[in-house]
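Peer 1: I am attaching a structure below and will ask some questions about it afterwards.
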Amino acid sequence: QLSEYIKSFSYKDNINTLDEIAVTVFDKDENWLRDWVTLKGDEINANIIVVENGENKVLKCGTFFLDDKEFGKSEFTFKAVSVDITSSLKNEEKTKIWSKTTLKNIASSIASAEKFSFKFTGNDVSIEKAEQKNQSNGGFLQQLCVMHGFSVKVMNKTIYVSELTALESLESEIVIEKKHCMDWKISETDNNTYDKCIIEYKDSKLGKKVKGTASVERPGYKQNTGKTLRISENFGVTGTFEQVTKQLNIIAAGKLREKNQDELTVSLGLTGDIQIIAGRRLTIKGFGQYDKYKYIIMSTEHKIQGGYTVSLEARRCLYL
């Protein structure tokens, strides 16, 4: 409906961050300023349609909700995000204790309360106790997912929760050669990255020390760095000694993943391609030593302005 007015369009597709669109339309007659009134919270559906050999191929960007507006000379710009700005998923702080449950059950309950559909991928995680303290449902769920090595995405009024180890273990879906890149950047850092994580403290209920550990191989070093992340926080974990140990091992792996996710990252700019979306596995060619790794796409930006381009941010799969 807006296609004939569009000056530019961008779609940001993200893991663990809300998707968003930004649209600038021509408004020489100031119709959007005067008669074509838009309200914050208005629902917008967006697709990118590419015609190849006479056939329409569609990237369904999803449903978005207007939250920012800006008027200028002969144009109107608005931005929209993938969660209704009136939804309690992001706006209403709540306090609740979740006991003797699982990550899947918590995510499903939150989706149901928000009247969202729900999809879960991977191995479920037992949670003896988790405290939601003055947090929105969305903020709490994201924190819980990151802690346990999962990603969360909200799209088309659906909450997707996916185990990152399960995603990363799948075969690469996309191969990109250096010669096809309009621009590229590969970054490595040692800052705040670790070989191992140890969570250890005295459990007052069990009356003894409990411990969780995780480790990861870190290619790119001439030898192991020996860097260990030590944490004494109990994360509200409860249960038998075996249950606590199992949960702390999972959380330790999640903390390692969180710390090491920017250790090796790839940024690529390409001509438009609707196959490039967040969550897909990627291999690259023509980049020397970096060709041997598999990457997972964490965010993309599809942009249409005098042509169609896409940029992506990916990180090396961590296999935790």
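How things are named: the first chain in the structure tokens is A, the next is B, and so on; residues count from 1 in each chain; ligands count from 1 in the order shown.
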When you look at Ile15 in chain A with a cut-off of 10 Å (counting only C-alpha atoms), what residues show up, excluding the ones that are within fewer than 2 positions of it in the same chain? I need them as a PyMOL selection string.

Peer 2: chain A and resi 13+17-19+151-154+160+277-279+297-300

Peer 1: What residues in range 58-158 of chain A get the DSSP label alpha helix (DSSP H)? Please answer as an mmCIF file with C-alpha atoms, in the first residue's frame.

Peer 2:
```
data_model
loop_
_atom_site.group_PDB
_atom_site.id
_atom_site.type_symbol
_atom_site.label_atom_id
_atom_site.label_comp_id
_atom_site.auth_asym_id
_atom_site.auth_seq_id
_atom_site.Cartn_x
_atom_site.Cartn_y
_atom_site.Cartn_z
ATOM 1 C CA SER A 88 3.422 -5.856 28.690
ATOM 2 C CA LEU A 89 6.130 -8.031 27.112
ATOM 3 C CA LYS A 90 8.383 -4.966 27.104
ATOM 4 C CA ASN A 91 6.595 -2.320 29.175
ATOM 5 C CA LEU A 103 12.900 -22.946 30.383
ATOM 6 C CA LYS A 104 10.408 -24.131 27.776
ATOM 7 C CA ASN A 105 7.513 -23.958 30.246
ATOM 8 C CA ILE A 106 8.467 -20.444 31.369
ATOM 9 C CA ALA A 107 8.758 -19.205 27.773
ATOM 10 C CA SER A 108 5.480 -20.897 26.832
ATOM 11 C CA SER A 109 3.687 -19.354 29.831
ATOM 12 C CA ILE A 110 4.960 -15.880 28.952
ATOM 13 C CA ALA A 111 3.948 -16.308 25.309
ATOM 14 C CA SER A 112 0.479 -17.459 26.368
ATOM 15 C CA ALA A 113 0.067 -14.537 28.778
ATOM 16 C CA ASN A 137 8.318 -10.532 30.738
ATOM 17 C CA GLY A 138 10.477 -9.883 27.683
ATOM 18 C CA GLY A 139 13.475 -8.676 29.665
ATOM 19 C CA PHE A 140 13.247 -11.588 32.103
ATOM 20 C CA LEU A 141 12.896 -14.173 29.347
ATOM 21 C CA GLN A 142 15.854 -12.775 27.421
ATOM 22 C CA GLN A 143 18.026 -12.794 30.559
ATOM 23 C CA LEU A 144 17.026 -16.378 31.331
ATOM 24 C CA CYS A 145 17.684 -17.519 27.754
ATOM 25 C CA VAL A 146 21.125 -15.898 27.526
ATOM 26 C CA MET A 147 22.053 -17.384 30.928
#
```

Peer 1: For CA of Leu170 in chain A and CA of Gly122 in chain A, quote the distance in Å rounded to one decimal.

Peer 2: 11.6 Å

Peer 1: Range 148-193 of chain A near range 301-317 of chain A within 12 Å: what's each residue's closest atom pair and its distance in Å to one decimal, counting only C-alpha atoms, ordered by chain then ascending residue number, as JSON lines?

Peer 2:
```
{"residue": "A:Leu164", "atom": "CA", "partner": "A:Cys317", "partner_atom": "CA", "distance": 8.9}
{"residue": "A:Thr165", "atom": "CA", "partner": "A:Cys317", "partner_atom": "CA", "distance": 8.4}
{"residue": "A:Ala166", "atom": "CA", "partner": "A:Cys317", "partner_atom": "CA", "distance": 10.7}
{"residue": "A:Leu167", "atom": "CA", "partner": "A:Cys317", "partner_atom": "CA", "distance": 9.2}
{"residue": "A:Glu168", "atom": "CA", "partner": "A:Cys317", "partner_atom": "CA", "distance": 5.8}
{"residue": "A:Ser169", "atom": "CA", "partner": "A:Cys317", "partner_atom": "CA", "distance": 8.3}
{"residue": "A:Leu170", "atom": "CA", "partner": "A:Cys317", "partner_atom": "CA", "distance": 10.4}
{"residue": "A:Glu171", "atom": "CA", "partner": "A:Cys317", "partner_atom": "CA", "distance": 11.4}
{"residue": "A:Ser172", "atom": "CA", "partner": "A:Cys317", "partner_atom": "CA", "distance": 10.8}
{"residue": "A:Ile174", "atom": "CA", "partner": "A:Ala314", "partner_atom": "CA", "distance": 11.9}
{"residue": "A:Ile176", "atom": "CA", "partner": "A:Leu312", "partner_atom": "CA", "distance": 11.3}
{"residue": "A:Cys181", "atom": "CA", "partner": "A:Ser311", "partner_atom": "CA", "distance": 9.6}
{"residue": "A:Met182", "atom": "CA", "partner": "A:Thr309", "partner_atom": "CA", "distance": 9.4}
{"residue": "A:Asp183", "atom": "CA", "partner": "A:Ser311", "partner_atom": "CA", "distance": 9.0}
{"residue": "A:Trp184", "atom": "CA", "partner": "A:Ser311", "partner_atom": "CA", "distance": 9.3}
{"residue": "A:Lys185", "atom": "CA", "partner": "A:Glu313", "partner_atom": "CA", "distance": 9.6}
{"residue": "A:Ile186", "atom": "CA", "partner": "A:Arg315", "partner_atom": "CA", "distance": 9.6}
{"residue": "A:Ser187", "atom": "CA", "partner": "A:Arg315", "partner_atom": "CA", "distance": 9.5}
{"residue": "A:Glu188", "atom": "CA", "partner": "A:Arg315", "partner_atom": "CA", "distance": 10.1}
{"residue": "A:Thr189", "atom": "CA", "partner": "A:Arg315", "partner_atom": "CA", "distance": 11.9}
```

Peer 1: Taking N, CA and C atoms for each residue, export the selection above as a CSV table (one decimal), in the first residue's frame.

Peer 2:
```csv
chain,number,residue,atom,x,y,z
A,164,LEU,N,21.3,-22.4,21.3
A,164,LEU,CA,22.4,-22.0,20.3
A,164,LEU,C,23.3,-23.1,20.0
A,165,THR,N,23.6,-24.0,20.9
A,165,THR,CA,24.4,-25.2,20.5
A,165,THR,C,23.7,-26.0,19.4
A,166,ALA,N,22.4,-26.2,19.5
A,166,ALA,CA,21.7,-26.9,18.5
A,166,ALA,C,21.7,-26.2,17.2
A,167,LEU,N,21.5,-24.9,17.2
A,167,LEU,CA,21.6,-24.1,15.9
A,167,LEU,C,23.0,-24.2,15.3
A,168,GLU,N,24.0,-24.0,16.1
A,168,GLU,CA,25.4,-24.0,15.6
A,168,GLU,C,25.9,-25.3,15.1
A,169,SER,N,25.3,-26.4,15.6
A,169,SER,CA,25.7,-27.7,15.2
A,169,SER,C,25.2,-28.1,13.8
A,170,LEU,N,24.2,-27.4,13.3
A,170,LEU,CA,23.6,-27.7,12.0
A,170,LEU,C,24.5,-27.2,10.9
A,171,GLU,N,24.3,-27.8,9.7
A,171,GLU,CA,25.2,-27.5,8.6
A,171,GLU,C,25.0,-26.0,8.1
A,172,SER,N,26.1,-25.5,7.5
A,172,SER,CA,26.0,-24.1,7.0
A,172,SER,C,24.9,-24.1,5.8
A,174,ILE,N,24.5,-21.0,4.1
A,174,ILE,CA,24.9,-19.9,3.2
A,174,ILE,C,26.5,-19.9,3.0
A,176,ILE,N,29.4,-17.5,1.3
A,176,ILE,CA,29.7,-16.2,0.7
A,176,ILE,C,31.2,-16.1,0.4
A,181,CYS,N,31.6,-9.6,-2.1
A,181,CYS,CA,31.4,-8.6,-1.0
A,181,CYS,C,31.7,-7.2,-1.5
A,182,MET,N,30.8,-6.3,-1.2
A,182,MET,CA,31.0,-4.8,-1.5
A,182,MET,C,32.0,-4.3,-0.5
A,183,ASP,N,31.9,-4.7,0.8
A,183,ASP,CA,32.8,-4.4,1.8
A,183,ASP,C,32.8,-5.5,2.9
A,184,TRP,N,33.8,-5.6,3.6
A,184,TRP,CA,33.9,-6.6,4.6
A,184,TRP,C,34.9,-6.2,5.8
A,185,LYS,N,34.7,-6.9,6.9
A,185,LYS,CA,35.6,-6.7,8.0
A,185,LYS,C,35.6,-7.9,8.9
A,186,ILE,N,36.8,-8.4,9.3
A,186,ILE,CA,36.9,-9.5,10.2
A,186,ILE,C,37.6,-8.9,11.5
A,187,SER,N,37.1,-9.2,12.7
A,187,SER,CA,37.6,-8.7,13.9
A,187,SER,C,37.9,-9.8,14.9
A,188,GLU,N,39.0,-9.8,15.6
A,188,GLU,CA,39.3,-10.7,16.6
A,188,GLU,C,39.7,-9.8,17.9
A,189,THR,N,39.3,-10.3,19.0
A,189,THR,CA,39.7,-9.6,20.3
A,189,THR,C,39.9,-10.7,21.4
```

Peer 1: Give one line per residue of range 202-245 of chain A that approaches range 262-267 of chain A to at most 12 Å, naming the two atoms of the closest pair and their distance in Å to one decimal, counting only C-alpha atoms; sort by chain then ascending residue number and deliver it as a Markdown table.

Peer 2:
```
| residue | atom | partner | partner_atom | distance |
| --- | --- | --- | --- | --- |
| A:Arg218 | CA | A:Glu263 | CA | 9.1 |
| A:Pro219 | CA | A:Leu264 | CA | 9.9 |
| A:Gly220 | CA | A:Leu264 | CA | 9.4 |
| A:Tyr221 | CA | A:Glu263 | CA | 11.7 |
```

Peer 1: Produce a file of the selected residues containing C-alpha atoms, as a tab-separated table (two decimals), in the first residue's frame.

Peer 2:
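For reference, out.tsv as written:
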```
chain	number	residue	atom	x	y	z
A	218	ARG	CA	39.71	-21.20	21.41
A	219	PRO	CA	41.49	-21.40	18.05
A	220	GLY	CA	43.73	-18.53	17.07
A	221	TYR	CA	46.15	-18.80	20.01
```

Peer 1: As an exercise, work out the distance from CA of Asp84 in chain A to CA of Phe65 in chain A in Å and give it to one decimal place.

Peer 2: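 Separation of CA of Asp84 in chain A and CA of Phe65 in chain A: 5.3 Å.
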
Peer 1: Would you pick out the contacts of Lys133 in chain A at 12 Å or less, using only C-alpha atoms, so that residues sharing its chain but fewer than 2 positions from it are not included, and give the list as a list in words?

Peer 2: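 In the requested format, the answer is Glu92, Glu93, Lys94, Thr95, Lys96, Ile97, Trp98, Ala130, Glu131, Gln135, Ser136, Asn137, Gly139, Phe140, Leu141, Gln143 and Gly236 of chain A.
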
Peer 1: Take the selection from the previous step and output its residues with all heavy atoms, as a compact mmCIF listing (two decimals), in the first residue's frame.

Peer 2:
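To be explicit, this is the file written out as out_35.txt:
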```txt
# COMPACT_ATOMS: atom_id res chain seq x y z
N GLU A 92 5.66 -3.66 31.00
CA GLU A 92 5.13 -3.83 32.36
C GLU A 92 6.08 -4.66 33.23
O GLU A 92 6.38 -5.81 32.92
CB GLU A 92 3.76 -4.53 32.29
CG GLU A 92 3.09 -4.66 33.65
CD GLU A 92 1.74 -5.34 33.55
OE1 GLU A 92 1.15 -5.37 32.45
OE2 GLU A 92 1.27 -5.86 34.59
N GLU A 93 6.58 -4.06 34.29
CA GLU A 93 7.48 -4.76 35.20
C GLU A 93 6.68 -5.66 36.15
O GLU A 93 5.65 -5.25 36.67
CB GLU A 93 8.33 -3.76 35.99
CG GLU A 93 9.30 -2.99 35.12
CD GLU A 93 10.20 -2.08 35.93
OE1 GLU A 93 9.91 -1.87 37.13
OE2 GLU A 93 11.19 -1.57 35.37
N LYS A 94 7.18 -6.86 36.33
CA LYS A 94 6.49 -7.83 37.18
C LYS A 94 7.48 -8.50 38.12
O LYS A 94 8.68 -8.56 37.86
CB LYS A 94 5.80 -8.89 36.32
CG LYS A 94 4.73 -8.33 35.39
CD LYS A 94 4.09 -9.44 34.57
CE LYS A 94 3.01 -8.87 33.66
NZ LYS A 94 2.34 -9.93 32.86
N THR A 95 6.95 -9.04 39.23
CA THR A 95 7.75 -9.83 40.17
C THR A 95 7.07 -11.18 40.36
O THR A 95 5.88 -11.24 40.65
CB THR A 95 7.89 -9.10 41.51
OG1 THR A 95 8.62 -7.87 41.32
CG2 THR A 95 8.66 -9.97 42.52
N LYS A 96 7.85 -12.24 40.16
CA LYS A 96 7.28 -13.58 40.25
C LYS A 96 8.39 -14.59 40.51
O LYS A 96 9.51 -14.44 40.03
CB LYS A 96 6.55 -13.94 38.95
CG LYS A 96 5.90 -15.31 38.94
CD LYS A 96 5.11 -15.55 37.66
CE LYS A 96 4.48 -16.94 37.67
NZ LYS A 96 3.64 -17.17 36.47
N ILE A 97 8.09 -15.62 41.29
CA ILE A 97 9.01 -16.73 41.51
C ILE A 97 8.56 -17.92 40.67
O ILE A 97 7.41 -18.36 40.76
CB ILE A 97 9.06 -17.14 43.00
CG1 ILE A 97 9.47 -15.96 43.88
CG2 ILE A 97 10.01 -18.32 43.19
CD1 ILE A 97 10.87 -15.48 43.64
N TRP A 98 9.45 -18.41 39.83
CA TRP A 98 9.16 -19.59 39.00
C TRP A 98 9.87 -20.78 39.65
O TRP A 98 11.09 -20.76 39.81
CB TRP A 98 9.68 -19.39 37.58
CG TRP A 98 9.11 -18.20 36.86
CD1 TRP A 98 9.48 -16.90 36.99
CD2 TRP A 98 8.05 -18.21 35.90
NE1 TRP A 98 8.74 -16.10 36.16
CE2 TRP A 98 7.85 -16.87 35.48
CE3 TRP A 98 7.26 -19.22 35.34
CZ2 TRP A 98 6.89 -16.52 34.54
CZ3 TRP A 98 6.31 -18.86 34.40
CH2 TRP A 98 6.13 -17.53 34.01
N ALA A 130 13.66 -19.65 39.62
CA ALA A 130 14.10 -18.45 38.94
C ALA A 130 13.25 -17.28 39.42
O ALA A 130 12.02 -17.39 39.50
CB ALA A 130 13.99 -18.59 37.43
N GLU A 131 13.89 -16.17 39.74
CA GLU A 131 13.18 -15.03 40.30
C GLU A 131 13.11 -13.90 39.28
O GLU A 131 14.12 -13.39 38.80
CB GLU A 131 13.88 -14.53 41.56
CG GLU A 131 13.13 -13.40 42.25
CD GLU A 131 13.76 -12.97 43.57
OE1 GLU A 131 14.80 -13.57 43.94
OE2 GLU A 131 13.21 -12.07 44.22
N GLN A 135 10.88 -6.92 36.55
CA GLN A 135 11.32 -7.03 35.16
C GLN A 135 10.12 -7.26 34.26
O GLN A 135 9.14 -7.90 34.66
CB GLN A 135 12.29 -8.21 34.99
CG GLN A 135 13.63 -8.06 35.63
CD GLN A 135 14.44 -9.34 35.50
OE1 GLN A 135 14.20 -10.32 36.19
NE2 GLN A 135 15.40 -9.33 34.59
N SER A 136 10.21 -6.76 33.04
CA SER A 136 9.18 -7.08 32.05
C SER A 136 9.31 -8.55 31.68
O SER A 136 10.38 -9.16 31.87
CB SER A 136 9.35 -6.22 30.80
OG SER A 136 10.56 -6.55 30.13
N ASN A 137 8.25 -9.13 31.17
CA ASN A 137 8.32 -10.53 30.74
C ASN A 137 9.39 -10.73 29.68
O ASN A 137 10.12 -11.73 29.68
CB ASN A 137 6.96 -10.97 30.19
CG ASN A 137 5.99 -11.37 31.29
OD1 ASN A 137 6.39 -11.64 32.42
ND2 ASN A 137 4.70 -11.39 30.97
N GLY A 139 12.15 -8.84 29.10
CA GLY A 139 13.47 -8.68 29.67
C GLY A 139 13.90 -9.88 30.49
O GLY A 139 15.05 -10.34 30.42
N PHE A 140 12.96 -10.41 31.28
CA PHE A 140 13.25 -11.59 32.10
C PHE A 140 13.53 -12.81 31.24
O PHE A 140 14.49 -13.55 31.48
CB PHE A 140 12.06 -11.87 33.04
CG PHE A 140 12.16 -13.18 33.76
CD1 PHE A 140 13.10 -13.38 34.76
CD2 PHE A 140 11.29 -14.22 33.44
CE1 PHE A 140 13.19 -14.59 35.44
CE2 PHE A 140 11.38 -15.43 34.11
CZ PHE A 140 12.32 -15.62 35.11
N LEU A 141 12.71 -13.01 30.21
CA LEU A 141 12.90 -14.17 29.35
C LEU A 141 14.23 -14.09 28.60
O LEU A 141 14.94 -15.10 28.49
CB LEU A 141 11.74 -14.28 28.35
CG LEU A 141 11.81 -15.46 27.38
CD1 LEU A 141 11.86 -16.79 28.12
CD2 LEU A 141 10.62 -15.44 26.41
N GLN A 143 16.97 -12.55 29.58
CA GLN A 143 18.03 -12.79 30.56
C GLN A 143 18.16 -14.28 30.86
O GLN A 143 19.27 -14.83 30.91
CB GLN A 143 17.71 -12.04 31.85
CG GLN A 143 18.67 -12.32 33.00
CD GLN A 143 18.21 -11.66 34.29
OE1 GLN A 143 18.06 -10.43 34.35
NE2 GLN A 143 17.98 -12.45 35.32
N GLY A 236 20.20 -17.95 42.08
CA GLY A 236 18.92 -18.46 42.59
C GLY A 236 18.70 -19.93 42.35
O GLY A 236 17.57 -20.42 42.42
```

Peer 1: Using backbone DSSP assignments, extract all strand (DSSP E or B) residues from range 156-285 of chain A; output them as number ranges by chain.

Peer 2: A: 158-163, 174-177, 183-188, 196-203, 208-215, 228-231, 264-271, 281-285

Peer 1: List as number ranges by chain the protein and nucleic acid residues near Lys129 in chain A, meaning an atom at most 10 Å away when only C-alpha atoms are counted, but skip any in the same chain fewer than 4 places from it.

Peer 2: A: 97-102, 235-239

Peer 1: For Tyr201 in chain A, which residue out of A:Glu233, A:Gly269, A:Ser82, A:Asn16 is the nearest one, using only C-alpha atoms?

Peer 2: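 Looking at the shortest contact to Tyr201 in chain A, the residue is A:Glu233.
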
Peer 1: Of the residues A:Lys157, A:Lys69, A:Asn234, A:Cys197, which is the one nearest to Phe118 in chain A, using only C-alpha atoms?

Peer 2: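 Looking at the shortest contact to Phe118 in chain A, the residue is A:Lys157.
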
Peer 1: Here is a test: counting only C-alpha atoms, which residue of A:Gly72, A:Gly41, A:Gly212, A:Gly207 is nearest to Ile250 in chain A?

Peer 2: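 Closest to Ile250 in chain A, using only C-alpha atoms: A:Gly212.
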
Peer 1: Would you mind listing what lies within 8 Å of Asn260 in chain A as a list of chain:residue names, with only C-alpha atoms counted and same-chain residues fewer than 5 positions away left out?

Peer 2: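 Counting only C-alpha atoms, the residues come to A:Asn192, A:Thr193, A:Tyr194.
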